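Heads up, coords.csv below (CSV, C-alpha atoms):
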chain,number,residue,atom,x,y,z
N,223,MET,CA,85.1,231.0,61.1
N,224,LYS,CA,85.9,233.9,58.8
N,225,LYS,CA,89.4,232.7,58.4
N,226,LEU,CA,88.2,229.2,57.6
N,227,ILE,CA,85.9,230.5,54.9
N,228,ILE,CA,88.7,232.6,53.3
N,229,LEU,CA,91.0,229.6,53.5
N,230,MET,CA,88.4,227.4,51.7
N,231,GLY,CA,88.0,230.0,49.0
N,232,VAL,CA,91.7,229.9,48.3
N,233,ILE,CA,92.1,226.2,48.4
N,234,MET,CA,89.0,225.1,46.4
N,235,PRO,CA,90.1,226.6,43.0
N,236,PHE,CA,93.4,224.7,43.2
N,237,VAL,CA,91.6,221.5,44.0
N,238,SER,CA,89.4,222.0,41.0
N,239,LEU,CA,92.4,222.8,38.8
N,240,SER,CA,94.3,219.7,39.8
N,241,GLN,CA,91.3,217.5,38.9
N,242,ASN,CA,91.2,218.9,35.3
N,243,GLN,CA,94.3,216.9,34.2
N,244,GLY,CA,95.0,213.3,33.7
N,245,SER,CA,94.8,210.7,31.0
N,246,VAL,CA,92.3,208.7,29.1
N,247,VAL,CA,93.0,205.4,27.3
N,248,PHE,CA,90.9,204.8,24.2
N,249,GLU,CA,90.4,201.6,22.3
N,250,GLU,CA,90.4,202.4,18.6
N,251,LYS,CA,88.5,200.0,16.3
N,252,ARG,CA,88.3,200.4,12.6
N,253,LYS,CA,87.0,198.3,9.7
N,254,LEU,CA,89.5,197.1,7.2
N,255,GLU,CA,89.1,198.4,3.7
N,256,LEU,CA,90.8,195.9,1.5
N,257,ASP,CA,91.2,195.6,-2.2
N,258,PHE,CA,92.6,192.3,-3.6
N,259,ASP,CA,93.1,191.9,-7.3
N,260,GLY,CA,93.8,188.7,-9.1
N,261,PRO,CA,92.0,185.3,-9.3
N,262,ASN,CA,92.5,184.5,-5.6
N,263,GLY,CA,91.5,188.0,-4.4
N,264,GLN,CA,88.2,187.0,-2.9
N,265,ALA,CA,89.5,183.9,-1.3
N,266,ILE,CA,92.3,185.9,0.4
N,267,LYS,CA,89.9,188.6,1.5
N,268,SER,CA,87.6,186.0,3.1
N,269,ARG,CA,90.4,184.9,5.4
N,270,MET,CA,91.2,188.5,6.6
N,271,PRO,CA,89.6,190.0,9.8
N,272,GLU,CA,86.8,192.5,9.3
N,273,SER,CA,88.4,195.0,11.7
N,274,ILE,CA,91.5,195.8,13.7
N,275,SER,CA,91.9,197.5,17.1
N,276,ALA,CA,94.6,199.3,19.0
N,277,LYS,CA,94.9,201.6,22.0
N,278,ASN,CA,95.7,205.3,22.2
N,279,GLN,CA,96.2,207.6,25.1
N,280,LEU,CA,95.0,211.2,25.6
N,281,LEU,CA,97.0,213.3,28.1
N,282,PHE,CA,95.4,216.6,29.1
N,283,ASN,CA,95.3,219.6,31.4
N,284,ASN,CA,93.4,222.9,31.3
N,285,GLU,CA,95.6,224.3,28.6
N,286,TYR,CA,96.8,221.5,26.3
N,287,SER,CA,96.1,217.9,25.3
N,288,ILE,CA,98.0,215.4,23.2
N,289,PHE,CA,96.6,212.2,21.7
N,290,ARG,CA,99.2,209.5,20.9
N,291,SER,CA,99.7,205.8,20.4
N,292,TYR,CA,99.6,203.7,23.6
N,293,LYS,CA,101.3,200.4,24.3
N,294,ASP,CA,100.7,198.4,27.4
N,295,LYS,CA,102.6,195.2,28.3
N,296,ALA,CA,100.5,193.1,26.0
N,297,ALA,CA,100.6,195.5,23.0
N,298,GLU,CA,102.8,195.1,20.0
N,299,ASP,CA,103.8,197.5,17.2
N,300,VAL,CA,102.2,195.3,14.6
N,301,GLU,CA,98.4,195.5,14.7
N,302,MET,CA,97.7,192.4,12.7
N,303,LEU,CA,99.8,189.5,11.5
N,304,ASN,CA,98.1,187.0,9.3
N,305,GLN,CA,100.3,184.1,8.2
N,306,GLU,CA,99.0,181.4,5.8
N,307,GLN,CA,100.7,178.1,6.6
N,308,ASP,CA,100.2,176.6,3.2
N,309,GLY,CA,101.3,179.5,1.0
N,310,GLY,CA,103.8,181.1,3.4
N,311,MET,CA,102.2,184.5,2.9
N,312,VAL,CA,102.7,187.1,5.7
N,313,ILE,CA,100.7,190.3,5.8
N,314,ASN,CA,101.8,193.1,8.2
N,315,ILE,CA,99.8,196.2,8.9
N,316,LYS,CA,101.8,198.6,11.1
N,317,ARG,CA,100.6,201.6,12.9
N,318,PRO,CA,102.5,204.8,11.9
N,319,GLU,CA,103.6,206.9,14.8
N,320,SER,CA,101.3,209.9,15.2
N,321,PHE,CA,100.5,212.7,17.7
N,322,VAL,CA,97.6,215.2,17.8
N,323,PHE,CA,98.4,218.3,19.9
N,324,ARG,CA,95.6,220.7,20.9
N,325,ASP,CA,96.1,224.2,22.3
N,326,LEU,CA,92.8,224.6,24.1
N,327,GLY,CA,93.1,228.4,24.6
N,328,LYS,CA,94.0,229.2,21.0
N,329,LYS,CA,91.8,226.4,19.7
N,330,GLU,CA,94.6,225.2,17.4
N,331,VAL,CA,95.3,221.6,16.4
N,332,VAL,CA,98.6,220.2,15.1
N,333,GLU,CA,98.9,216.6,14.0
N,334,SER,CA,102.2,214.9,13.5
N,335,ARG,CA,101.8,211.9,11.2
N,336,GLU,CA,104.2,209.5,9.3
N,337,PHE,CA,103.2,208.5,5.8
N,338,PHE,CA,105.4,206.2,3.7
N,339,GLY,CA,108.5,207.1,5.6
N,340,LYS,CA,107.9,210.8,5.6
N,341,GLN,CA,106.8,212.9,8.6
N,342,PHE,CA,104.1,215.6,8.2
N,343,LEU,CA,102.8,218.4,10.5
N,344,ILE,CA,99.2,218.8,9.6
N,345,SER,CA,97.6,222.0,11.0
N,346,ARG,CA,93.9,222.8,11.3
N,347,SER,CA,92.3,225.8,12.9
N,348,LYS,CA,88.7,225.2,11.7
N,349,PRO,CA,86.7,224.2,14.8
N,350,ASN,CA,84.4,221.1,14.7
N,351,PRO,CA,80.8,222.4,14.4
N,352,TRP,CA,78.8,220.4,16.8
N,353,LYS,CA,75.1,220.1,17.4
N,354,ILE,CA,74.3,218.9,21.0
N,355,PHE,CA,71.3,216.6,21.7
N,356,PRO,CA,69.5,215.9,25.0
N,357,GLU,CA,70.3,212.1,25.0
N,358,LYS,CA,72.5,210.9,27.8
N,359,ARG,CA,74.3,207.7,28.7
N,360,THR,CA,76.9,206.6,31.3
N,361,ILE,CA,80.5,205.7,30.2
N,362,LEU,CA,82.9,204.4,32.9
N,363,GLY,CA,80.7,206.0,35.6
N,364,TYR,CA,80.6,209.4,33.9
N,365,GLN,CA,77.3,210.8,32.6
N,366,CYS,CA,77.7,211.8,29.0
N,367,GLN,CA,75.7,213.8,26.5
N,368,LYS,CA,75.3,213.2,22.8
N,369,ALA,CA,76.6,215.5,20.1
N,370,MET,CA,76.8,215.2,16.3
N,371,LEU,CA,79.1,216.9,13.9
N,372,VAL,CA,77.4,219.3,11.4
N,373,ILE,CA,78.5,217.9,8.1
N,374,GLU,CA,78.2,218.8,4.4
N,375,GLU,CA,76.6,216.6,1.8
N,376,GLY,CA,78.7,213.5,1.1
N,377,GLU,CA,80.6,213.6,4.4
N,378,GLU,CA,80.6,210.8,6.9
N,379,ALA,CA,78.4,211.1,10.0
N,380,VAL,CA,80.3,211.7,13.2
N,381,SER,CA,78.7,211.3,16.7
N,382,ALA,CA,80.3,211.9,20.1
N,383,TRP,CA,79.4,211.4,23.8
N,384,PHE,CA,81.1,213.9,26.1
N,385,ALA,CA,81.3,214.3,29.9
N,386,LEU,CA,80.5,217.7,31.2
N,387,ILE,CA,82.0,216.8,34.6
N,388,ILE,CA,85.4,216.7,32.8
N,389,PRO,CA,85.4,220.3,31.6
N,390,VAL,CA,88.2,220.0,29.1
N,391,SER,CA,87.3,220.7,25.5
N,392,THR,CA,89.2,217.8,23.8
N,393,GLY,CA,88.9,214.2,22.7
N,394,PRO,CA,90.3,211.4,20.6
N,395,ALA,CA,92.1,212.0,17.3
N,396,THR,CA,91.5,215.5,16.0
N,397,TYR,CA,88.0,215.9,17.5
N,398,GLY,CA,87.2,218.3,20.3
N,399,GLY,CA,85.5,221.6,20.9
N,400,LEU,CA,82.7,220.4,23.1
N,401,PRO,CA,82.0,221.7,26.7
N,402,GLY,CA,83.5,218.4,28.1
N,403,MET,CA,85.8,215.5,27.4
N,404,ILE,CA,84.7,213.2,24.5
N,405,LEU,CA,84.7,209.6,25.8
N,406,LEU,CA,83.1,207.9,22.8
N,407,LEU,CA,83.4,208.8,19.2
N,408,ASP,CA,81.9,207.1,16.2
N,409,ILE,CA,83.0,208.0,12.6
N,410,GLY,CA,81.1,206.8,9.6
N,411,GLU,CA,78.5,204.8,11.5
N,412,GLY,CA,80.9,202.3,12.9
N,413,ARG,CA,83.7,202.6,10.3
N,414,MET,CA,85.9,203.8,13.1
N,415,THR,CA,85.2,204.2,16.8
N,416,TYR,CA,87.2,205.4,19.8
N,417,SER,CA,85.9,204.2,23.2
N,418,ALA,CA,87.3,205.2,26.5
N,419,VAL,CA,88.4,202.2,28.5
N,420,GLU,CA,90.4,203.8,31.3
N,421,ILE,CA,90.3,207.3,32.9
N,422,GLN,CA,92.9,208.6,35.4
N,423,THR,CA,92.8,212.0,37.0
N,424,GLU,CA,96.4,212.6,38.0
N,425,THR,CA,99.2,215.1,37.6
N,426,VAL,CA,100.5,215.0,34.0
N,427,ASP,CA,104.2,215.5,33.2
N,428,GLN,CA,104.0,219.0,31.5
N,429,SER,CA,107.0,218.1,29.3
N,430,LEU,CA,104.8,215.7,27.4
N,431,LEU,CA,102.2,218.3,26.5
N,432,LYS,CA,104.2,220.0,23.8
N,433,ALA,CA,103.4,220.7,20.1
N,434,PRO,CA,105.3,218.4,17.7
N,435,LYS,CA,107.9,220.3,15.6
N,436,ASN,CA,109.5,217.7,13.2
N,437,GLY,CA,108.0,217.3,9.8
N,438,LYS,CA,106.8,219.0,6.6
N,439,LYS,CA,104.0,221.6,7.4
N,440,VAL,CA,100.9,221.0,5.3
N,441,SER,CA,97.2,221.7,5.5
N,442,ARG,CA,94.6,218.9,6.0
N,443,GLU,CA,93.6,219.3,2.3
N,444,GLU,CA,97.3,219.1,1.1
N,445,PHE,CA,97.9,216.0,3.2
N,446,GLN,CA,94.8,214.3,1.8
N,447,GLU,CA,96.0,215.0,-1.8
N,448,ILE,CA,99.4,213.5,-1.0
N,449,VAL,CA,97.7,210.4,0.4
N,450,GLU,CA,95.4,209.9,-2.5
N,451,LYS,CA,98.2,210.5,-5.1
N,452,ARG,CA,100.5,207.9,-3.4
N,453,MET,CA,97.7,205.4,-3.1
N,454,ALA,CA,96.9,205.7,-6.7
N,455,GLU,CA,100.6,205.2,-7.6
N,456,GLN,CA,100.7,202.1,-5.4
N,457,LYS,CA,97.6,200.7,-7.1
N,458,GLU,CA,99.2,201.2,-10.5
N,459,ILE,CA,102.4,199.5,-9.3
N,460,SER,CA,100.5,196.5,-8.1
N,461,GLY,CA,99.4,196.0,-11.8
N,462,ASN,CA,97.4,193.2,-13.2
N,463,GLY,CA,97.0,190.3,-11.0
N,464,GLY,CA,98.5,192.0,-8.1
N,465,MET,CA,97.3,192.5,-4.6
N,466,MET,CA,96.8,195.8,-2.8
N,467,ILE,CA,95.8,196.7,0.8
N,468,ARG,CA,94.1,200.1,0.9
N,469,ARG,CA,94.0,201.9,4.2
N,470,ILE,CA,93.5,205.6,3.7
N,471,GLU,CA,93.3,207.8,6.9
N,472,ARG,CA,90.1,209.8,6.9
N,473,GLN,CA,89.6,211.7,10.2

Would you mind giving the structure from this file in structure tokens?
Amino acid sequence: MKKLIILMGVIMPFVSLSQNQGSVVFEEKRKLELDFDGPNGQAIKSRMPESISAKNQLLFNNEYSIFRSYKDKAAEDVEMLNQEQDGGMVINIKRPESFVFRDLGKKEVVESREFFGKQFLISRSKPNPWKIFPEKRTILGYQCQKAMLVIEEGEEAVSAWFALIIPVSTGPATYGGLPGMILLLDIGEGRMTYSAVEIQTETVDQSLLKAPKNGKKVSREEFQEIVEKRMAEQKEISGNGGMMIRRIERQ
């Protein structure tokens, strides 16, 4: 009996460790922010969808996680294709390739993102300051608890539901830092949401859990300045009577 107890004491930690790795597929849904100039701007806007959706995958273990675009058999690289039969107008909105790597031990986050053909490595070490609430709900069979990001005046509200039973401090996009996996995230009161639609607890290929290295290294603030400057240039280029689709990343 003593040998059995000792054996169990050795095996159980490894069983627990193996369960703290796997993947979560998230459905990302965001409202489109569209600006149309010209006399037919409002008519065009009325024919556009109010939101678009895509899937992302979060791979994780006890040390690292990486959040990336996910394509199943039915998915396409183009999120939305709207073709007007009468005018022959085609509007494409493509998803830039991006990865978010998180070192859970060092609490460091590196995001690799493409913007207008250039690759950037965006680093952030400032943790997400959360306030945890007692409210609970069940997501995909996992009991989750509510948390909200402590924000400054003028910032968007961010709420999350995390599962303590998955004790990995990560989540979709650049959000994490809670005592469990985030399975539902709401940014800007519905402007953008990430909802877990599939959870797999399985061994993860460790070669996939590596920090991205290709791209220009910038801070979050520097990247936002680059985005705003380029979008302003594009708006100026569109000129009078032009049409512009505005989709600035704010995460």

Where does stretch 379-469 of chain N meet stretch 280-290 of chain N within 12 Å, residue by residue, with the nearest atom pair and distance in Å to one decimal for each, counting only C-alpha atoms, listed by chain and rising number, as CSV?
residue,atom,partner,partner_atom,distance
N:Ile388,CA,N:Asn284,CA,10.2
N:Pro389,CA,N:Asn284,CA,8.4
N:Val390,CA,N:Asn284,CA,6.3
N:Ser391,CA,N:Asn284,CA,8.7
N:Thr392,CA,N:Ser287,CA,7.1
N:Gly393,CA,N:Leu280,CA,7.4
N:Pro394,CA,N:Phe289,CA,6.4
N:Ala395,CA,N:Phe289,CA,6.3
N:Thr396,CA,N:Phe289,CA,8.3
N:Tyr397,CA,N:Phe289,CA,10.3
N:Gly398,CA,N:Ser287,CA,10.2
N:Gly402,CA,N:Asn284,CA,11.3
N:Met403,CA,N:Phe282,CA,9.8
N:Ile404,CA,N:Leu280,CA,10.5
N:Leu405,CA,N:Leu280,CA,10.4
N:Tyr416,CA,N:Leu280,CA,11.3
N:Ser417,CA,N:Leu280,CA,11.7
N:Ala418,CA,N:Leu280,CA,9.8
N:Val419,CA,N:Leu280,CA,11.5
N:Glu420,CA,N:Leu280,CA,10.4
N:Ile421,CA,N:Leu280,CA,9.5
N:Gln422,CA,N:Leu281,CA,9.6
N:Thr423,CA,N:Phe282,CA,9.5
N:Glu424,CA,N:Asn283,CA,9.7
N:Thr425,CA,N:Asn283,CA,8.6
N:Val426,CA,N:Leu281,CA,7.1
N:Asp427,CA,N:Leu281,CA,9.1
N:Gln428,CA,N:Asn283,CA,8.7
N:Ser429,CA,N:Leu281,CA,11.2
N:Leu430,CA,N:Ile288,CA,8.0
N:Leu431,CA,N:Ile288,CA,6.1
N:Lys432,CA,N:Ile288,CA,7.7
N:Ala433,CA,N:Ile288,CA,8.2
N:Pro434,CA,N:Ile288,CA,9.6

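The two atoms in question, atom CA of N:Glu249 and atom CA of N:Gln279, are spaced 8.8 Å apart.
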
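Distance-wise, atom CA of N:Ile448 and atom CA of N:Arg346 end up 16.4 Å apart.
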
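Counting only C-alpha atoms, the residue from N:Asn278, N:Asn242, N:Ser441, N:Ser381 that sits nearest to N:Ile409 is N:Ser381.
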
From the options N:Glu443, N:Glu330, N:Glu455, N:Asp408, which residue's atoms come nearest to N:Met370, counting all atoms listed in the file? N:Asp408

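Closest approach to N:Glu250 among N:Arg452, N:Lys353, N:Arg442, N:Arg413 is made by N:Arg413 (distances from all atoms listed in the file).
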
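Across the structure, atom CA of N:Thr415 and atom CA of N:Lys358 are spaced 18.1 Å apart.
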